[in-house]
Amino acid sequence: MSARVISGKARGKRLKLVPGDTTRPIMDRVKESLFNILGVVSGTRWLDLFAGTGQVGIEALSRGAAAVVFVDSGRAAVQTVRDNLAFTRLDEWATVVQSDAFRYLRETGEPPFDVIFIAPPQYKELWISALTAIDAAAPRYLTADGQAIVQIDPREFKELPLQQLTLTDQRRYGNTLLCFYAVRD
């Protein structure tokens, strides 16, 4: 499996994958669909939680996102993100943080993000913990029209009793499900 930047400044660049089998890179067709759904991302701020290779955040930067914070606890993943950012020459707009995602959420002093992309290791319900933490303090993490997007296996999905976020869309691509959550009005 390979990963590439689909569009924008770094279009066509092939990205390094994290060594081993600890990450599951997003398939190019799913990534392309994600960005088609989102439309224009120019000027937006992103948080790529459980960043892995960093390819979703790098795609956002390539398409004009103003800034992306990449968070992953794995040393190999963090180094892969740094290498991919340097290779694509998008590192100027990126911050790479080696941290547990939940610690980062508790301790971050960053302004709210327009998009938070959550793609944790599968079958551990980490997406539920991350989304619940974001929901508990949504204005701290997301802009008023911001979105949290979860990438999971469809078998992992369950309805959650969220207070400040609402599920607005779901898209299934084989064994990948994208769930879009927005801040309630």
# chains A, B, ... in the order shown; residues from 1 in each chain; ligands from 1
$ residues_around --residues "A:Ile118" --least-positions-apart "4" --cutoff "7 Å" --atoms "only C-alpha atoms" --output "PDB file with N, CA and C atoms, in the first residue's frame"
ATOM      1  N   ASP A  48      -4.984  16.814  13.543  1.00  0.00           N
ATOM      2  CA  ASP A  48      -4.933  15.441  13.054  1.00  0.00           C
ATOM      3  C   ASP A  48      -4.544  14.563  14.245  1.00  0.00           C
ATOM      4  N   LEU A  49      -5.573  14.039  14.956  1.00  0.00           N
ATOM      5  CA  LEU A  49      -5.343  13.183  16.124  1.00  0.00           C
ATOM      6  C   LEU A  49      -5.034  11.767  15.668  1.00  0.00           C
ATOM      7  N   PHE A  50      -4.136  11.095  16.351  1.00  0.00           N
ATOM      8  CA  PHE A  50      -3.695   9.763  15.948  1.00  0.00           C
ATOM      9  C   PHE A  50      -3.178   9.854  14.508  1.00  0.00           C
ATOM     10  N   TRP A 127     -11.967   6.097  19.459  1.00  0.00           N
ATOM     11  CA  TRP A 127     -12.707   7.166  18.784  1.00  0.00           C
ATOM     12  C   TRP A 127     -13.835   7.681  19.685  1.00  0.00           C
ATOM     13  N   ILE A 149     -14.303  14.758  12.472  1.00  0.00           N
ATOM     14  CA  ILE A 149     -14.527  13.679  11.508  1.00  0.00           C
ATOM     15  C   ILE A 149     -13.814  12.435  12.022  1.00  0.00           C
ATOM     16  N   VAL A 150     -14.562  11.340  12.113  1.00  0.00           N
ATOM     17  CA  VAL A 150     -14.034  10.087  12.638  1.00  0.00           C
ATOM     18  C   VAL A 150     -13.906   9.081  11.496  1.00  0.00           C
ATOM     19  N   GLN A 151     -12.758   8.415  11.437  1.00  0.00           N
ATOM     20  CA  GLN A 151     -12.535   7.326  10.473  1.00  0.00           C
ATOM     21  C   GLN A 151     -12.439   6.025  11.257  1.00  0.00           C
TER      22      GLN A 151
END
$ residues_around --residues "A:Ala101" --least-positions-apart "5" --cutoff "12 Å" --atoms "only C-alpha atoms" --output "PyMOL selection string"
chain A and resi 47-52+69-74+106-108+116-121+126-127+129-131+133-134
$ write_last_selection --atoms "N, CA and C atoms" --output "JSON list (two decimals), in the first residue's frame"
[["chain", "number", "residue", "atom", "x", "y", "z"],
["A", 47, "LEU", "N", -6.68, 19.72, 13.35],
["A", 47, "LEU", "CA", -6.02, 18.87, 14.33],
["A", 47, "LEU", "C", -6.13, 17.45, 13.79],
["A", 48, "ASP", "N", -4.98, 16.81, 13.54],
["A", 48, "ASP", "CA", -4.93, 15.44, 13.05],
["A", 48, "ASP", "C", -4.54, 14.56, 14.24],
["A", 49, "LEU", "N", -5.57, 14.04, 14.96],
["A", 49, "LEU", "CA", -5.34, 13.18, 16.12],
["A", 49, "LEU", "C", -5.03, 11.77, 15.67],
["A", 50, "PHE", "N", -4.14, 11.09, 16.35],
["A", 50, "PHE", "CA", -3.70, 9.76, 15.95],
["A", 50, "PHE", "C", -3.18, 9.85, 14.51],
["A", 51, "ALA", "N", -2.25, 10.75, 14.26],
["A", 51, "ALA", "CA", -1.86, 11.18, 12.92],
["A", 51, "ALA", "C", -1.28, 10.07, 12.03],
["A", 52, "GLY", "N", -0.62, 9.07, 12.60],
["A", 52, "GLY", "CA", -0.05, 8.02, 11.76],
["A", 52, "GLY", "C", 0.97, 8.58, 10.78],
["A", 69, "VAL", "N", -2.06, 20.73, 13.27],
["A", 69, "VAL", "CA", -1.34, 20.15, 14.40],
["A", 69, "VAL", "C", -1.51, 18.63, 14.27],
["A", 70, "PHE", "N", -0.38, 17.92, 14.21],
["A", 70, "PHE", "CA", -0.36, 16.47, 14.10],
["A", 70, "PHE", "C", -0.02, 15.91, 15.48],
["A", 71, "VAL", "N", -0.84, 15.00, 15.99],
["A", 71, "VAL", "CA", -0.60, 14.40, 17.31],
["A", 71, "VAL", "C", -0.58, 12.89, 17.17],
["A", 72, "ASP", "N", 0.50, 12.28, 17.64],
["A", 72, "ASP", "CA", 0.58, 10.83, 17.70],
["A", 72, "ASP", "C", 1.52, 10.47, 18.85],
["A", 73, "SER", "N", 1.24, 9.35, 19.50],
["A", 73, "SER", "CA", 2.08, 8.95, 20.63],
["A", 73, "SER", "C", 3.28, 8.12, 20.19],
["A", 74, "GLY", "N", 3.21, 7.55, 18.99],
["A", 74, "GLY", "CA", 4.28, 6.68, 18.52],
["A", 74, "GLY", "C", 5.47, 7.44, 17.96],
["A", 106, "ARG", "N", -6.43, 17.36, 26.88],
["A", 106, "ARG", "CA", -6.55, 17.95, 28.23],
["A", 106, "ARG", "C", -5.67, 19.19, 28.38],
["A", 107, "GLU", "N", -4.48, 19.16, 27.77],
["A", 107, "GLU", "CA", -3.48, 20.20, 28.04],
["A", 107, "GLU", "C", -3.34, 21.27, 26.97],
["A", 108, "THR", "N", -3.99, 21.10, 25.83],
["A", 108, "THR", "CA", -3.77, 22.05, 24.73],
["A", 108, "THR", "C", -4.25, 23.45, 25.08],
["A", 116, "ILE", "N", -11.26, 18.61, 13.14],
["A", 116, "ILE", "CA", -10.49, 17.65, 13.92],
["A", 116, "ILE", "C", -10.72, 16.29, 13.27],
["A", 117, "PHE", "N", -9.64, 15.69, 12.79],
["A", 117, "PHE", "CA", -9.71, 14.38, 12.15],
["A", 117, "PHE", "C", -9.23, 13.33, 13.14],
["A", 118, "ILE", "N", -10.09, 12.34, 13.40],
["A", 118, "ILE", "CA", -9.82, 11.32, 14.41],
["A", 118, "ILE", "C", -9.79, 9.95, 13.74],
["A", 119, "ALA", "N", -8.61, 9.35, 13.69],
["A", 119, "ALA", "CA", -8.46, 8.02, 13.07],
["A", 119, "ALA", "C", -7.58, 7.15, 13.96],
["A", 120, "PRO", "N", -8.13, 6.70, 15.10],
["A", 120, "PRO", "CA", -7.32, 5.93, 16.06],
["A", 120, "PRO", "C", -7.16, 4.48, 15.65],
["A", 121, "PRO", "N", -6.31, 3.74, 16.37],
["A", 121, "PRO", "CA", -6.24, 2.30, 16.15],
["A", 121, "PRO", "C", -7.63, 1.69, 16.29],
["A", 126, "LEU", "N", -11.28, 3.92, 20.99],
["A", 126, "LEU", "CA", -10.60, 5.19, 21.24],
["A", 126, "LEU", "C", -11.31, 6.35, 20.58],
["A", 127, "TRP", "N", -11.97, 6.10, 19.46],
["A", 127, "TRP", "CA", -12.71, 7.17, 18.78],
["A", 127, "TRP", "C", -13.84, 7.68, 19.69],
["A", 129, "SER", "N", -13.84, 7.66, 23.03],
["A", 129, "SER", "CA", -13.22, 8.47, 24.09],
["A", 129, "SER", "C", -12.80, 9.84, 23.57],
["A", 130, "ALA", "N", -12.22, 9.88, 22.38],
["A", 130, "ALA", "CA", -11.78, 11.15, 21.80],
["A", 130, "ALA", "C", -12.97, 12.06, 21.50],
["A", 131, "LEU", "N", -13.98, 11.50, 20.86],
["A", 131, "LEU", "CA", -15.15, 12.30, 20.50],
["A", 131, "LEU", "C", -15.90, 12.78, 21.74],
["A", 133, "ALA", "N", -14.54, 13.39, 24.67],
["A", 133, "ALA", "CA", -13.73, 14.47, 25.26],
["A", 133, "ALA", "C", -13.94, 15.78, 24.50],
["A", 134, "ILE", "N", -13.99, 15.70, 23.20],
["A", 134, "ILE", "CA", -14.21, 16.91, 22.38],
["A", 134, "ILE", "C", -15.61, 17.45, 22.63]]
$ atom_distance --atom1 "atom CA of A:Pro111" --atom2 "atom CA of A:Thr143"
8.6 Å
$ residues_around --residues "A:Leu61" --least-positions-apart "2" --cutoff "12 Å" --atoms "only C-alpha atoms" --output "number ranges by chain"
A: 5-11, 35, 40-48, 54-59, 63-70, 84-85, 88-95
$ write_last_selection --atoms "N, CA and C atoms" --output "short mmCIF file (atom, residue, chain, number, x, y, z; two decimals), in the first residue's frame"
data_model
loop_
_atom_site.label_atom_id
_atom_site.label_comp_id
_atom_site.auth_asym_id
_atom_site.auth_seq_id
_atom_site.Cartn_x
_atom_site.Cartn_y
_atom_site.Cartn_z
N VAL A 5 -0.14 12.38 -2.03
CA VAL A 5 -0.91 13.62 -1.94
C VAL A 5 -1.71 13.73 -3.23
N ILE A 6 -3.01 13.94 -3.12
CA ILE A 6 -3.90 13.90 -4.27
C ILE A 6 -3.97 15.23 -5.01
N SER A 7 -3.97 16.34 -4.28
CA SER A 7 -4.21 17.63 -4.91
C SER A 7 -3.42 18.73 -4.23
N GLY A 8 -3.31 19.85 -4.89
CA GLY A 8 -2.70 21.04 -4.29
C GLY A 8 -1.21 21.15 -4.56
N LYS A 9 -0.54 21.91 -3.68
CA LYS A 9 0.88 22.24 -3.83
C LYS A 9 1.79 21.02 -3.91
N ALA A 10 1.46 19.97 -3.17
CA ALA A 10 2.32 18.79 -3.11
C ALA A 10 1.74 17.62 -3.91
N ARG A 11 0.85 17.92 -4.84
CA ARG A 11 0.16 16.89 -5.62
C ARG A 11 1.14 15.87 -6.21
N PHE A 35 -12.18 14.96 1.06
CA PHE A 35 -11.92 16.34 0.67
C PHE A 35 -12.95 16.87 -0.33
N VAL A 40 -13.77 23.48 -0.04
CA VAL A 40 -12.62 24.35 0.13
C VAL A 40 -12.11 24.28 1.57
N VAL A 41 -10.82 23.98 1.72
CA VAL A 41 -10.22 23.94 3.06
C VAL A 41 -9.20 25.06 3.24
N SER A 42 -9.07 25.88 2.25
CA SER A 42 -8.09 26.97 2.30
C SER A 42 -8.34 27.85 3.52
N GLY A 43 -7.27 28.11 4.27
CA GLY A 43 -7.35 28.99 5.44
C GLY A 43 -7.84 28.34 6.71
N THR A 44 -8.16 27.06 6.68
CA THR A 44 -8.68 26.38 7.88
C THR A 44 -7.55 25.86 8.76
N ARG A 45 -7.89 25.65 10.04
CA ARG A 45 -6.95 25.06 11.01
C ARG A 45 -7.43 23.65 11.35
N TRP A 46 -6.48 22.71 11.34
CA TRP A 46 -6.80 21.30 11.54
C TRP A 46 -6.05 20.72 12.72
N LEU A 47 -6.68 19.72 13.35
CA LEU A 47 -6.02 18.87 14.33
C LEU A 47 -6.13 17.45 13.79
N ASP A 48 -4.98 16.81 13.54
CA ASP A 48 -4.93 15.44 13.05
C ASP A 48 -4.54 14.56 14.24
N GLY A 54 0.33 10.99 8.76
CA GLY A 54 0.05 12.41 8.59
C GLY A 54 -0.59 12.76 7.28
N GLN A 55 -1.01 11.75 6.53
CA GLN A 55 -1.45 12.06 5.17
C GLN A 55 -2.73 12.88 5.06
N VAL A 56 -3.65 12.80 6.02
CA VAL A 56 -4.86 13.63 5.94
C VAL A 56 -4.50 15.09 6.20
N GLY A 57 -3.72 15.35 7.25
CA GLY A 57 -3.29 16.72 7.52
C GLY A 57 -2.42 17.28 6.42
N ILE A 58 -1.56 16.45 5.84
CA ILE A 58 -0.70 16.90 4.75
C ILE A 58 -1.54 17.23 3.53
N GLU A 59 -2.56 16.43 3.26
CA GLU A 59 -3.48 16.73 2.15
C GLU A 59 -4.15 18.08 2.39
N ARG A 63 -3.73 21.53 0.12
CA ARG A 63 -4.90 22.21 -0.46
C ARG A 63 -5.12 23.61 0.12
N GLY A 64 -4.19 24.07 0.96
CA GLY A 64 -4.27 25.45 1.42
C GLY A 64 -4.69 25.68 2.85
N ALA A 65 -4.79 24.63 3.66
CA ALA A 65 -5.10 24.84 5.08
C ALA A 65 -4.02 25.75 5.68
N ALA A 66 -4.44 26.60 6.61
CA ALA A 66 -3.52 27.56 7.21
C ALA A 66 -2.54 26.89 8.17
N ALA A 67 -3.00 25.86 8.88
CA ALA A 67 -2.16 25.20 9.87
C ALA A 67 -2.75 23.84 10.22
N VAL A 68 -1.86 22.90 10.55
CA VAL A 68 -2.29 21.59 11.02
C VAL A 68 -1.40 21.20 12.20
N VAL A 69 -2.06 20.73 13.27
CA VAL A 69 -1.34 20.15 14.40
C VAL A 69 -1.51 18.63 14.27
N PHE A 70 -0.38 17.92 14.21
CA PHE A 70 -0.36 16.47 14.10
C PHE A 70 -0.02 15.91 15.48
N ASN A 84 7.56 13.23 6.11
CA ASN A 84 6.60 13.53 5.05
C ASN A 84 6.39 15.03 4.88
N LEU A 85 6.36 15.74 5.99
CA LEU A 85 6.21 17.20 5.92
C LEU A 85 7.42 17.85 5.25
N THR A 88 7.37 17.06 1.46
CA THR A 88 6.36 17.82 0.72
C THR A 88 6.56 19.33 0.84
N ARG A 89 7.52 19.72 1.69
CA ARG A 89 7.81 21.14 1.95
C ARG A 89 6.61 21.89 2.51
N LEU A 90 5.87 21.20 3.37
CA LEU A 90 4.70 21.80 4.01
C LEU A 90 4.92 21.98 5.52
N ASP A 91 6.15 21.73 5.98
CA ASP A 91 6.42 21.77 7.41
C ASP A 91 6.29 23.15 8.04
N GLU A 92 6.36 24.19 7.24
CA GLU A 92 6.25 25.56 7.76
C GLU A 92 4.90 25.82 8.42
N TRP A 93 3.86 25.11 7.98
CA TRP A 93 2.50 25.34 8.48
C TRP A 93 2.05 24.23 9.43
N ALA A 94 3.00 23.42 9.88
CA ALA A 94 2.65 22.26 10.69
C ALA A 94 3.32 22.30 12.05
N THR A 95 2.64 21.73 13.03
CA THR A 95 3.19 21.47 14.35
C THR A 95 3.03 19.98 14.60
#
$ closest_residue --among "A:Ala86, A:Ala136, A:Ala77, A:Val183" --to "A:Leu105" --atoms "only C-alpha atoms"
A:Ala136
$ residues_around --residues "A:Leu177" --least-positions-apart "2" --cutoff "8 Å" --atoms "only C-alpha atoms" --output "PyMOL selection string"
chain A and resi 150-154+170-175+179
$ select_by_dssp --residues "chain A" --states "alpha helix (DSSP H)" --output "PyMOL selection string"
chain A and resi 28-38+55-62+75-88+101-107+126-136+138-141
$ select_by_dssp --residues "stretch 3-185 of chain A" --states "strand (DSSP E)" --output "PyMOL selection string"
chain A and resi 3-4+14-15+45-49+67-72+94-98+113-118+142-152+165-173+176-183
$ atom_distance --atom1 "atom CA of A:Ile26" --atom2 "atom CA of A:Arg4"
10.3 Å
$ atom_distance --atom1 "atom CA of A:Pro19" --atom2 "atom CA of A:Phe157"
27.5 Å
$ residues_around --residues "A:Gln147" --least-positions-apart "4" --cutoff "6 Å" --atoms "only C-alpha atoms" --output "list in words"
Val115, Tyr181 and Ala182 of chain A
$ closest_residue --among "A:Ala60, A:Gly39, A:Val96, A:Gly20" --to "A:Ala76" --atoms "only C-alpha atoms"
A:Gly20
$ closest_residue --among "A:Leu38, A:Gly12, A:Pro25, A:Asp185" --to "A:Ser62" --atoms "only C-alpha atoms"
A:Gly12
$ closest_residue --among "A:Pro161, A:Ile128, A:Pro112, A:Lys16" --to "A:Asp145" --atoms "only C-alpha atoms"
A:Pro112
$ closest_residue --among "A:Ile37, A:Met27, A:Val81, A:Ala138" --to "A:Leu15" --atoms "only C-alpha atoms"
A:Val81
